[in-house]
Every structure is written in structure tokens, then in C-alpha cells.
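Structure data (TSV, C-alpha atoms) from input32.tsv:
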```tsv
chain	number	residue	atom	x	y	z
N	1	MET	CA	16.62	-21.62	-121.74
N	2	PHE	CA	14.01	-23.31	-119.57
N	3	GLY	CA	13.74	-26.74	-121.22
N	4	TYR	CA	9.96	-27.09	-121.38
N	5	ILE	CA	9.04	-26.23	-124.97
N	6	ASN	CA	8.88	-29.33	-127.18
N	7	PRO	CA	6.97	-30.38	-130.29
N	8	ASP	CA	4.37	-33.12	-130.54
N	9	ARG	CA	6.74	-35.38	-132.46
N	10	PRO	CA	4.26	-38.08	-133.57
N	11	HIS	CA	2.33	-35.36	-135.43
N	12	MET	CA	5.31	-33.61	-137.01
N	13	PHE	CA	5.94	-33.69	-140.75
N	14	VAL	CA	9.28	-35.25	-141.70
N	15	LYS	CA	10.44	-31.92	-143.18
N	16	ASP	CA	9.71	-30.16	-139.89
N	17	ASP	CA	11.52	-32.77	-137.84
N	18	MET	CA	14.59	-32.33	-140.06
N	19	LEU	CA	14.38	-28.55	-139.76
N	20	TYR	CA	13.93	-28.77	-135.99
N	21	ARG	CA	17.03	-30.94	-135.58
N	22	ALA	CA	19.03	-28.65	-137.88
N	23	LEU	CA	17.99	-25.61	-135.84
N	24	TYR	CA	18.92	-27.38	-132.61
N	25	CYS	CA	22.39	-28.26	-133.91
N	26	GLY	CA	22.68	-24.74	-135.32
N	27	MET	CA	21.93	-23.26	-131.91
N	28	CYS	CA	24.76	-25.32	-130.45
N	29	LYS	CA	27.09	-23.74	-133.01
N	30	SER	CA	25.62	-20.27	-132.41
N	31	ILE	CA	26.05	-20.48	-128.65
N	32	GLY	CA	29.66	-21.55	-129.10
N	33	LYS	CA	30.32	-18.71	-131.53
N	34	GLY	CA	28.70	-16.07	-129.36
N	35	CYS	CA	29.46	-17.20	-125.83
N	36	GLY	CA	32.08	-19.98	-125.95
N	37	ASP	CA	32.03	-23.75	-125.76
N	38	CYS	CA	31.25	-24.01	-122.03
N	39	ALA	CA	27.95	-22.20	-122.61
N	40	LYS	CA	26.82	-25.03	-124.91
N	41	ALA	CA	26.12	-27.13	-121.81
N	42	ALA	CA	22.91	-25.16	-121.27
N	43	LEU	CA	21.52	-25.87	-124.74
N	44	THR	CA	17.84	-26.88	-124.78
N	45	TYR	CA	15.24	-27.45	-127.45
N	46	ASP	CA	13.60	-24.16	-126.41
N	47	THR	CA	16.29	-22.37	-128.38
N	48	ALA	CA	15.45	-24.32	-131.54
N	49	PHE	CA	11.81	-23.27	-131.20
N	50	LEU	CA	12.75	-19.65	-130.59
N	51	SER	CA	15.09	-19.73	-133.58
N	52	ALA	CA	12.31	-21.07	-135.84
N	53	LEU	CA	9.86	-18.45	-134.57
N	54	MET	CA	12.18	-15.44	-134.76
N	55	HIS	CA	13.64	-16.29	-138.18
N	56	ASN	CA	10.22	-16.85	-139.71
N	57	ILE	CA	8.64	-13.65	-138.39
N	58	SER	CA	11.76	-11.62	-139.27
N	59	ASP	CA	11.75	-12.80	-142.93
N	60	CYS	CA	15.23	-14.27	-142.42
N	61	ASP	CA	15.65	-17.68	-144.02
N	62	VAL	CA	18.04	-20.08	-142.28
N	63	LYS	CA	20.92	-21.52	-144.28
N	64	ILE	CA	21.37	-25.24	-143.65
N	65	GLU	CA	24.65	-27.05	-144.28
N	66	LYS	CA	25.64	-30.70	-143.95
N	67	LYS	CA	28.64	-30.83	-141.63
N	68	ARG	CA	30.34	-32.81	-138.91
N	69	CYS	CA	30.59	-31.60	-135.36
N	70	ALA	CA	32.58	-32.47	-132.24
N	71	LEU	CA	29.87	-34.84	-130.97
N	72	HIS	CA	29.22	-36.47	-134.34
N	73	LEU	CA	32.55	-36.89	-136.09
N	74	ILE	CA	31.65	-39.80	-138.34
N	75	LYS	CA	28.31	-38.89	-139.84
N	76	ARG	CA	27.63	-35.44	-141.22
N	77	ARG	CA	24.45	-33.75	-140.00
N	78	PHE	CA	22.22	-30.96	-141.22
N	79	ILE	CA	23.12	-27.84	-139.24
N	80	ALA	CA	21.62	-24.35	-139.47
N	81	LYS	CA	24.41	-21.86	-140.07
N	82	PRO	CA	24.85	-19.31	-137.25
N	83	ASP	CA	23.56	-15.81	-138.01
N	84	ASP	CA	22.79	-12.65	-136.07
N	85	ILE	CA	19.42	-13.94	-134.82
N	86	SER	CA	20.66	-17.35	-133.68
N	87	ILE	CA	23.73	-15.85	-131.98
N	88	ALA	CA	21.51	-13.36	-130.14
N	89	ILE	CA	19.25	-16.23	-129.01
N	90	GLY	CA	22.39	-18.07	-127.85
N	91	CYS	CA	23.30	-15.03	-125.76
N	92	VAL	CA	19.81	-15.09	-124.24
N	93	ASN	CA	20.17	-18.77	-123.41
N	94	THR	CA	23.56	-18.26	-121.77
N	95	ALA	CA	22.43	-15.28	-119.69
N	96	LEU	CA	19.30	-17.10	-118.51
N	97	ALA	CA	21.33	-20.19	-117.58
N	98	TYR	CA	23.79	-18.05	-115.62
N	99	TYR	CA	21.06	-16.24	-113.66
N	100	LYS	CA	19.20	-19.50	-113.00
N	101	LEU	CA	22.33	-21.08	-111.54
N	102	LEU	CA	22.94	-18.01	-109.40
N	103	ASP	CA	19.40	-18.37	-108.06
N	104	ASP	CA	20.03	-22.06	-107.38
N	105	LYS	CA	23.16	-21.09	-105.47
N	106	ARG	CA	21.21	-18.63	-103.31
N	107	ASP	CA	18.63	-21.34	-102.62
N	108	GLY	CA	21.32	-23.76	-101.50
N	109	ASP	CA	20.89	-26.03	-104.52
N	110	LYS	CA	24.09	-27.88	-105.46
N	111	LYS	CA	23.51	-27.08	-109.13
N	112	GLY	CA	24.35	-23.46	-108.32
N	113	LEU	CA	28.00	-24.45	-107.94
N	114	PHE	CA	28.21	-24.68	-111.74
N	115	ALA	CA	27.45	-20.97	-112.23
N	116	PHE	CA	31.17	-20.26	-112.66
N	117	LEU	CA	31.15	-22.30	-115.88
N	118	PHE	CA	28.86	-19.73	-117.49
N	119	ARG	CA	30.42	-16.55	-116.09
N	120	ARG	CA	32.72	-15.99	-119.06
N	121	GLY	CA	29.94	-16.80	-121.52
N	122	TYR	CA	27.63	-14.37	-119.74
N	123	LYS	CA	30.24	-11.62	-120.00
N	124	ARG	CA	30.54	-12.28	-123.73
N	125	ALA	CA	26.74	-12.13	-124.06
N	126	LEU	CA	26.70	-8.88	-122.10
N	127	LYS	CA	29.31	-7.38	-124.41
N	128	ARG	CA	27.48	-8.47	-127.59
N	129	HIS	CA	23.96	-7.56	-126.47
N	130	PRO	CA	23.93	-5.33	-123.38
N	131	ALA	CA	20.24	-4.45	-123.92
N	132	LEU	CA	19.29	-8.12	-123.91
N	133	ALA	CA	21.25	-8.70	-120.72
N	134	GLU	CA	19.49	-5.73	-119.08
N	135	ILE	CA	16.03	-7.08	-120.01
N	136	ILE	CA	16.93	-10.39	-118.43
N	137	ALA	CA	18.55	-8.89	-115.31
N	138	LYS	CA	15.63	-6.49	-114.66
N	139	ASN	CA	12.93	-9.13	-114.87
N	140	MET	CA	14.93	-11.72	-112.96
N	141	ARG	CA	15.35	-9.19	-110.13
N	142	GLU	CA	11.61	-8.57	-110.08
N	143	GLN	CA	10.92	-12.30	-110.13
N	144	ARG	CA	13.28	-12.85	-107.23
N	145	LYS	CA	11.64	-10.05	-105.21
N	146	LEU	CA	8.15	-11.53	-105.63
N	147	GLU	CA	9.38	-14.96	-104.61
N	148	GLU	CA	11.17	-13.61	-101.54
N	149	GLU	CA	7.91	-11.90	-100.55
N	150	GLY	CA	6.10	-15.23	-100.85
N	151	CYS	CA	3.65	-14.03	-103.50
N	152	ALA	CA	0.56	-16.29	-103.56
N	153	VAL	CA	-1.21	-14.60	-106.51
N	154	ILE	CA	-0.56	-16.75	-109.58
N	155	ASP	CA	-0.93	-14.02	-112.22
N	156	MET	CA	1.32	-11.67	-110.27
N	157	ALA	CA	4.03	-14.29	-109.76
N	158	CYS	CA	4.07	-15.11	-113.50
N	159	GLU	CA	4.35	-11.49	-114.60
N	160	PRO	CA	8.16	-10.99	-114.58
N	161	THR	CA	8.81	-14.11	-116.67
N	162	ALA	CA	6.01	-13.15	-119.05
N	163	GLN	CA	7.44	-9.63	-119.35
N	164	LEU	CA	10.89	-11.14	-119.86
N	165	MET	CA	9.78	-13.17	-122.88
N	166	GLN	CA	7.82	-10.24	-124.25
N	167	GLY	CA	10.81	-7.92	-123.95
N	168	LEU	CA	13.15	-10.45	-125.54
N	169	SER	CA	10.80	-10.90	-128.50
N	170	ARG	CA	10.58	-7.13	-128.97
N	171	TYR	CA	14.37	-6.88	-129.04
N	172	LEU	CA	14.97	-9.90	-131.28
N	173	LEU	CA	12.28	-8.99	-133.81
N	174	GLY	CA	13.02	-5.28	-134.01
N	175	LYS	CA	10.86	-3.69	-136.72
N	176	TYR	CA	8.95	-6.97	-137.15
N	177	SER	CA	7.67	-6.86	-133.58
N	178	THR	CA	3.92	-6.31	-133.31
N	179	GLU	CA	1.26	-6.30	-130.63
N	180	HIS	CA	0.45	-9.91	-131.47
N	181	THR	CA	4.04	-11.21	-131.45
N	182	GLU	CA	4.56	-9.55	-128.07
N	183	LYS	CA	1.35	-10.99	-126.63
N	184	LEU	CA	2.19	-14.45	-127.97
N	185	CYS	CA	5.62	-14.40	-126.32
N	186	TYR	CA	4.11	-12.94	-123.15
N	187	ASP	CA	1.75	-15.94	-122.95
N	188	ILE	CA	4.60	-18.36	-123.63
N	189	GLY	CA	6.61	-16.78	-120.80
N	190	LYS	CA	3.67	-17.10	-118.42
N	191	TRP	CA	3.21	-20.74	-119.43
N	192	ILE	CA	6.91	-21.48	-118.87
N	193	TYR	CA	6.75	-20.14	-115.32
N	194	LEU	CA	3.65	-22.21	-114.50
N	195	ALA	CA	5.10	-25.32	-116.15
N	196	ASP	CA	8.22	-24.98	-113.99
N	197	ALA	CA	6.10	-24.51	-110.86
N	198	LEU	CA	4.14	-27.66	-111.68
N	199	ASP	CA	7.23	-29.69	-112.46
N	200	ASP	CA	9.04	-28.66	-109.28
N	201	TYR	CA	5.98	-28.65	-106.97
N	202	ASP	CA	6.83	-31.70	-104.87
N	203	LYS	CA	10.55	-30.98	-104.83
N	204	ASP	CA	9.98	-27.37	-103.73
N	205	VAL	CA	7.61	-28.41	-100.96
N	206	LYS	CA	10.06	-31.04	-99.71
N	207	LYS	CA	12.97	-28.58	-99.65
N	208	GLY	CA	10.94	-25.66	-98.30
N	209	ARG	CA	11.47	-23.53	-101.41
N	210	TYR	CA	9.07	-21.02	-102.92
N	211	ASN	CA	6.45	-22.32	-105.33
N	212	VAL	CA	3.55	-20.10	-106.32
N	213	LEU	CA	1.15	-23.02	-106.79
N	214	TYR	CA	1.88	-24.33	-103.31
N	215	ASN	CA	1.47	-20.83	-101.85
N	216	ALA	CA	-1.84	-20.47	-103.71
N	217	PHE	CA	-3.30	-23.93	-102.97
N	218	SER	CA	-1.44	-25.08	-99.79
N	219	SER	CA	-1.67	-28.75	-100.81
N	220	PRO	CA	1.24	-30.89	-99.56
N	221	THR	CA	1.67	-32.69	-102.91
N	222	LYS	CA	1.08	-31.87	-106.56
N	223	ALA	CA	-1.39	-34.74	-106.88
N	224	GLU	CA	-3.48	-33.33	-104.04
N	225	ALA	CA	-3.26	-29.82	-105.49
N	226	VAL	CA	-4.54	-31.08	-108.85
N	227	ALA	CA	-7.28	-33.16	-107.22
N	228	ALA	CA	-8.54	-30.24	-105.16
N	229	ASN	CA	-7.97	-27.42	-107.66
N	230	GLY	CA	-8.04	-29.15	-111.03
N	231	GLY	CA	-10.80	-26.89	-112.34
N	232	GLU	CA	-8.87	-23.71	-111.59
N	233	ILE	CA	-5.60	-25.09	-112.97
N	234	THR	CA	-7.34	-26.23	-116.16
N	235	PHE	CA	-9.01	-22.84	-116.56
N	236	ILE	CA	-5.67	-21.00	-116.20
N	237	PHE	CA	-4.00	-23.11	-118.87
N	238	ASN	CA	-6.98	-23.18	-121.23
N	239	SER	CA	-7.16	-19.39	-121.06
N	240	LEU	CA	-3.48	-19.21	-121.98
N	241	PHE	CA	-3.91	-21.63	-124.88
N	242	ALA	CA	-6.87	-19.66	-126.23
N	243	ASP	CA	-4.88	-16.44	-126.10
N	244	MET	CA	-1.90	-18.12	-127.80
N	245	ARG	CA	-4.11	-19.38	-130.63
N	246	GLU	CA	-5.69	-15.98	-131.13
N	247	ASN	CA	-2.37	-14.13	-131.30
N	248	LEU	CA	-0.66	-16.83	-133.35
N	249	ALA	CA	-3.37	-16.51	-136.00
N	250	ALA	CA	-2.66	-12.76	-136.26
N	251	VAL	CA	1.13	-13.07	-136.60
N	252	LYS	CA	2.59	-12.67	-140.08
N	253	PHE	CA	4.90	-15.52	-141.05
N	254	TYR	CA	7.10	-15.27	-144.15
N	255	TYR	CA	7.69	-19.01	-144.53
N	256	ASN	CA	5.90	-22.26	-143.82
N	257	HIS	CA	5.00	-22.27	-140.13
N	258	ASP	CA	3.98	-25.91	-139.64
N	259	LEU	CA	6.84	-26.41	-137.17
N	260	THR	CA	5.96	-23.52	-134.85
N	261	ASP	CA	2.24	-24.35	-135.14
N	262	ASN	CA	2.97	-27.90	-134.03
N	263	ILE	CA	4.93	-26.71	-131.00
N	264	ILE	CA	2.54	-23.97	-129.88
N	265	LEU	CA	-0.79	-25.62	-130.70
N	266	MET	CA	0.04	-29.25	-129.85
N	267	GLY	CA	3.42	-29.55	-128.12
N	268	ILE	CA	2.74	-27.03	-125.33
N	269	PRO	CA	-0.74	-28.44	-124.45
N	270	LEU	CA	0.69	-31.99	-124.54
N	271	ARG	CA	3.49	-31.02	-122.17
N	272	THR	CA	0.97	-29.37	-119.90
N	273	ARG	CA	-1.16	-32.52	-119.68
N	274	ARG	CA	1.93	-34.54	-118.79
N	275	LEU	CA	2.91	-32.08	-116.07
N	276	VAL	CA	-0.58	-31.88	-114.59
N	277	PHE	CA	-1.72	-35.49	-114.85
N	278	GLY	CA	1.42	-37.53	-115.59
N	279	LYS	CA	3.98	-38.89	-113.20
N	280	CYS	CA	6.16	-36.26	-111.54
N	281	GLY	CA	9.14	-35.51	-113.77
N	282	GLU	CA	7.77	-37.50	-116.77
N	283	GLY	CA	8.14	-34.53	-119.09
N	284	LYS	CA	11.80	-33.92	-118.30
N	285	LYS	CA	12.67	-37.56	-118.87
N	286	GLY	CA	11.05	-37.27	-122.27
N	287	ASP	CA	13.28	-34.30	-123.08
N	288	LYS	CA	16.40	-36.27	-122.24
N	289	ASP	CA	15.25	-39.15	-124.42
N	290	GLU	CA	14.66	-36.78	-127.34
N	291	GLN	CA	18.06	-35.19	-126.99
N	292	THR	CA	19.74	-38.59	-126.91
N	293	GLN	CA	18.04	-39.58	-130.14
N	294	SER	CA	18.87	-36.36	-132.00
```

As C-alpha cells, the full file:
Amino acid sequence: MFGYINPDRPHMFVKDDMLYRALYCGMCKSIGKGCGDCAKAALTYDTAFLSALMHNISDCDVKIEKKRCALHLIKRRFIAKPDDISIAIGCVNTALAYYKLLDDKRDGDKKGLFAFLFRRGYKRALKRHPALAEIIAKNMREQRKLEEEGCAVIDMACEPTAQLMQGLSRYLLGKYSTEHTEKLCYDIGKWIYLADALDDYDKDVKKGRYNVLYNAFSSPTKAEAVAANGGEITFIFNSLFADMRENLAAVKFYYNHDLTDNIILMGIPLRTRRLVFGKCGEGKKGDKDEQTQS
């Protein structure tokens, strides 16, 4: 998906770390089963989080097996067995990766050249879950339109991505979807968009690409934007965190939810602090280190 949602690992229970890794490996299997092996290249830890959240709320327990995989032939690993929910999330991940690369291609980013690798996987996702693909396509079109118009209103620019996550949660949860699950996923979508804008701020300014935070603050660097508008930025994120906590408390979970609590209540704020106050790109390096270790 977007690659920003991570846990606060030093404060994870051992059982949750094991589950998290099993879900991550399981999502690799699920993406391959639903969309083909090439689509696995877009795997991120976001999918493991979404798998944990959707399975728990849907009263669908994951089945974990100890198996070998193509990347780990010698030592067997705990892997969550693919099911309807994880395969659907894999389709979401593939479709989002495909659209993101198409956007990169339009923007002249070299990464966009790799869109062809996901075309077949996207077609398989479209065939399996046409409604999911339509939710993604509709909101990505609206996001693109706002960016082409140079939208400088932060809440307005975040809306399509927030609506995207809300719509996906409604589809994935089905009868288990509630007002609070939708609001929680809406807030997560809004946070993802802002996190991406923060992370890419300096790069977007340098390359002359759209960035809502630059359009709103007009500071030439992220450091200057934070120095001049730190109060407003902090208020935006703190408001999001408060809303997440409120809706999370009202969501019914069928199993232990220590893992998702860790990610939402500690991991997301931690990532935000790194993006706002840390060195540019520090968060993404951390992701790569985590994936290497897993």
C-alpha cells in the first residue's frame, strides 16, 4: 500500500511481534495467490496491519502454519494462511501500487516505468473484486484532479485518500462495518496522505511537483515549514490522533487487539514525530531495516 504504517516495536509484546511477522509473510502469499508473483514486489507492512485489523473486527481468526517460502528455503517460518480477507487486501495493495506507478509516470518519475509489472496483477484484482477496483479508481481520479488544480486547503486535499480508506474498510468488513470502523479508517487515510506529503516535501519542491503542505505554507524546505507552522501541523495531527483513539475505543474486536492498539496508538504517532522532526527520509530507512530483519 503506502508503506507508512508501522508498529512501535520496542513496546510490542513478543506474541504480537510473531503474529505481525506471520501476517506479513501471509500477505506475501495472499498477493501471489490473488494477483501473481510480480505483484509481491509492492508488499509493505501496511498490509499486515490491515490484515490484523480486518480479521479481528470480522471475527475471522487467522490460521498460522510453519512453512518454507521462496525467500527462506532453509528455515521454516510462521505464515498466516491466505483466506478471502487477506486475498482481498492483496488485491487492494496491487491496485494501489499500479495506480501510484501510473501517477509517477505522468509526473515524469522514473519509477513509473515499472507500472507494466503490475498490469497483469491489477487485471486479476479487477476480475476478483471489481467493486474494490472501482472504489480505488474513483478516489484516485478525484485525488489527481485536486492536485492538478493545485489545491492548497489541507483538509480538502486529504479527502479522496480518506474516503478511499473508508470505502475499502466498508467493503472489506461487510456486515461488520460500523460508523466507528469507517471513521477510524477515514482518519488513517487522512494521516497517510499527510505523512506522504511530509516525507516527500523537499523532494516535491525540488522537482516542482504538487505537495499540499508546500502549497499551504509556501516554505522552501520542510524544516522551514515546520519551524514557521509547527503549531498548526501539530494541531492537525493531534486532532487526528484524538479522533482515532475515540473511534478505536468504540470498535468491537473479537480477539486480542494489542497489536492493532500498538500500531494505531503508538506506531502512527511515533512515525509522525520522525517525519516532522527527524531527518528527511528517516522513517523510510527504518522500514527497510525492519523488512530486512523480518

key: Point-to-point distance in Å for atom CA of Leu43 of chain N and atom CA of Glu179 of chain N   = 28.8 Å

inquiry  = Report, in Å with one decimal, the straight-line distance from atom CA of Arg128 of chain N to atom CA of Ile87 of chain N.
reply    =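 A separation of 9.4 Å between them.
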
request  = Measure the distance from atom CA of Gly267 of chain N to atom CA of Ile5 of chain N in Å and round it to one decimal.
outcome  =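 Atom-to-atom, atom CA of Gly267 of chain N to atom CA of Ile5 of chain N, that is 7.2 Å.
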
Mind giving me the axis-aligned box for segment 2-13 of chain N with 6 Å on every side, centre plus edges in Å to one decimal, as JSON?
```
{"center_x": 8.2, "center_y": -30.7, "center_z": -130.2, "size_x": 23.7, "size_y": 26.8, "size_z": 33.2}
```

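Here the question is which of N:Leu71, N:Leu23, N:Val205, N:Ile136 gets nearest to Ser219 of chain N using all atoms listed in the file, and that residue is N:Val205.
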
task = Using only C-alpha atoms, pick whichever of N:Ser169, N:Asn262, N:Thr221, N:Asn256 has the shortest atom-to-atom distance to Thr181 of chain N.
result =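 Nearest to Thr181 of chain N: N:Ser169.
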
ask   = Can you tell me, as a PyMOL selection string, which residues sit within 12 Å of (5.2, -16.7, -145.3) in the file's frame, using only C-alpha atoms?
value = chain N and resi 53+55-61+251-258

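Nearest residue to Arg106 of chain N among N:Leu73, N:Asp187, N:Glu148, N:Ile85 is N:Glu148, counting all atoms listed in the file.
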
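Candidate residues N:Leu96, N:Ala22, N:Met140, N:Ala249 were compared for distance to Val62 of chain N, and the nearest is N:Ala22, using only C-alpha atoms.
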
task = Rank N:Thr272, N:Thr260, N:Asn247, N:Asn238 by their smallest atom-to-atom distance to Ala52 of chain N, using only C-alpha atoms, and report the top residue only.
result =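 Under the stated criterion, the closest residue is N:Thr260.
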
ask   = Which one is closest to Ile79 of chain N: N:Ile236, N:Leu102, N:Leu19, N:Leu275? Count only C-alpha atoms.
value = N:Leu19

Contacts of Gly150 of chain N at 8 Å or less, counting only C-alpha atoms, minus same-chain residues fewer than 5 places along, as a short mmCIF file (atom, residue, chain, number, x, y, z; two decimals) with C-alpha atoms, in the coordinates of the input?
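Generated output (selection.cif):
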```
data_model
loop_
_atom_site.label_atom_id
_atom_site.label_comp_id
_atom_site.auth_asym_id
_atom_site.auth_seq_id
_atom_site.Cartn_x
_atom_site.Cartn_y
_atom_site.Cartn_z
CA TYR N 210 9.07 -21.02 -102.92
CA VAL N 212 3.55 -20.10 -106.32
CA ASN N 215 1.47 -20.83 -101.85
#
```

request  = Identify, on the basis of all atoms listed in the file, every residue whose closest approach to Asp37 of chain N does not exceed 9 Å; exclude the query and any residue fewer than 6 positions from it along the same chain; express the result as a PyMOL selection string.
outcome  = chain N and resi 28-29+31+121

task = Scan for residues within 12 Å of the point (-2.2, -29.2, -104.8) in the coordinates of the file, using only C-alpha atoms, and reply as a ChimeraX atom specification.
result = /N:197-198,201-202,205,211-233,276-277

request  = Name all residues at most 12 Å from Ile64 of chain N (count all atoms listed in the file; drop same-chain ones fewer than 4 positions away) and give them as a ChimeraX atom specification.
outcome  = /N:18-27,77-83

Report the closest atom pair, with its distance in Å rounded to one decimal, for each residue of segment 67-157 of chain N that has an atom no farther than 10 Å from segment 192-195 of chain N; count only C-alpha atoms, sort by chain and then rising residue number, and write it as JSON lines.
```
{"residue": "N:Ile154", "atom": "CA", "partner": "N:Leu194", "partner_atom": "CA", "distance": 8.5}
{"residue": "N:Asp155", "atom": "CA", "partner": "N:Leu194", "partner_atom": "CA", "distance": 9.7}
{"residue": "N:Ala157", "atom": "CA", "partner": "N:Tyr193", "partner_atom": "CA", "distance": 8.5}
```

Starting from the incomplete input, reconstruct N, CA and C atoms of segment 127-149 of chain N and write that as an mmCIF file, in the frame of the given file.
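This went into result12.cif:
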```cif
data_model
loop_
_atom_site.group_PDB
_atom_site.id
_atom_site.type_symbol
_atom_site.label_atom_id
_atom_site.label_comp_id
_atom_site.auth_asym_id
_atom_site.auth_seq_id
_atom_site.Cartn_x
_atom_site.Cartn_y
_atom_site.Cartn_z
ATOM 1 N N LYS N 127 28.562 -8.254 -123.503
ATOM 2 C CA LYS N 127 29.310 -7.380 -124.410
ATOM 3 C C LYS N 127 28.630 -7.309 -125.777
ATOM 4 N N ARG N 128 28.127 -8.430 -126.270
ATOM 5 C CA ARG N 128 27.480 -8.470 -127.590
ATOM 6 C C ARG N 128 26.113 -7.776 -127.569
ATOM 7 N N HIS N 129 25.343 -8.059 -126.524
ATOM 8 C CA HIS N 129 23.960 -7.560 -126.470
ATOM 9 C C HIS N 129 23.646 -7.026 -125.072
ATOM 10 N N PRO N 130 24.174 -5.874 -124.721
ATOM 11 C CA PRO N 130 23.930 -5.330 -123.380
ATOM 12 C C PRO N 130 22.449 -5.081 -123.097
ATOM 13 N N ALA N 131 21.676 -4.703 -124.125
ATOM 14 C CA ALA N 131 20.240 -4.450 -123.920
ATOM 15 C C ALA N 131 19.505 -5.741 -123.566
ATOM 16 N N LEU N 132 19.887 -6.835 -124.231
ATOM 17 C CA LEU N 132 19.290 -8.120 -123.910
ATOM 18 C C LEU N 132 19.583 -8.515 -122.462
ATOM 19 N N ALA N 133 20.834 -8.341 -122.075
ATOM 20 C CA ALA N 133 21.250 -8.700 -120.720
ATOM 21 C C ALA N 133 20.491 -7.863 -119.685
ATOM 22 N N GLU N 134 20.210 -6.601 -120.000
ATOM 23 C CA GLU N 134 19.490 -5.730 -119.080
ATOM 24 C C GLU N 134 18.031 -6.166 -118.942
ATOM 25 N N ILE N 135 17.406 -6.571 -120.059
ATOM 26 C CA ILE N 135 16.030 -7.080 -120.010
ATOM 27 C C ILE N 135 15.947 -8.286 -119.085
ATOM 28 N N ILE N 136 16.910 -9.176 -119.247
ATOM 29 C CA ILE N 136 16.930 -10.390 -118.430
ATOM 30 C C ILE N 136 17.184 -10.056 -116.960
ATOM 31 N N ALA N 137 18.183 -9.222 -116.695
ATOM 32 C CA ALA N 137 18.550 -8.890 -115.310
ATOM 33 C C ALA N 137 17.388 -8.191 -114.595
ATOM 34 N N LYS N 138 16.742 -7.250 -115.266
ATOM 35 C CA LYS N 138 15.630 -6.490 -114.660
ATOM 36 C C LYS N 138 14.484 -7.413 -114.267
ATOM 37 N N ASN N 139 14.077 -8.271 -115.167
ATOM 38 C CA ASN N 139 12.930 -9.130 -114.870
ATOM 39 C C ASN N 139 13.285 -10.249 -113.900
ATOM 40 N N MET N 140 14.523 -10.713 -113.933
ATOM 41 C CA MET N 140 14.930 -11.720 -112.960
ATOM 42 C C MET N 140 14.968 -11.130 -111.540
ATOM 43 N N ARG N 141 15.376 -9.863 -111.437
ATOM 44 C CA ARG N 141 15.350 -9.190 -110.130
ATOM 45 C C ARG N 141 13.921 -9.080 -109.604
ATOM 46 N N GLU N 142 13.001 -8.709 -110.490
ATOM 47 C CA GLU N 142 11.610 -8.570 -110.080
ATOM 48 C C GLU N 142 11.007 -9.925 -109.709
ATOM 49 N N GLN N 143 11.401 -10.962 -110.448
ATOM 50 C CA GLN N 143 10.920 -12.300 -110.130
ATOM 51 C C GLN N 143 11.420 -12.738 -108.751
ATOM 52 N N ARG N 144 12.687 -12.481 -108.507
ATOM 53 C CA ARG N 144 13.280 -12.850 -107.230
ATOM 54 C C ARG N 144 12.596 -12.121 -106.064
ATOM 55 N N LYS N 145 12.276 -10.850 -106.267
ATOM 56 C CA LYS N 145 11.640 -10.050 -105.210
ATOM 57 C C LYS N 145 10.268 -10.626 -104.852
ATOM 58 N N LEU N 146 9.466 -10.959 -105.868
ATOM 59 C CA LEU N 146 8.150 -11.530 -105.630
ATOM 60 C C LEU N 146 8.248 -12.862 -104.884
ATOM 61 N N GLU N 147 9.227 -13.661 -105.251
ATOM 62 C CA GLU N 147 9.380 -14.960 -104.610
ATOM 63 C C GLU N 147 9.843 -14.807 -103.164
ATOM 64 N N GLU N 148 10.712 -13.854 -102.919
ATOM 65 C CA GLU N 148 11.170 -13.610 -101.540
ATOM 66 C C GLU N 148 10.025 -13.104 -100.668
ATOM 67 N N GLU N 149 9.076 -12.402 -101.283
ATOM 68 C CA GLU N 149 7.910 -11.900 -100.550
ATOM 69 C C GLU N 149 6.851 -12.971 -100.351
#
```
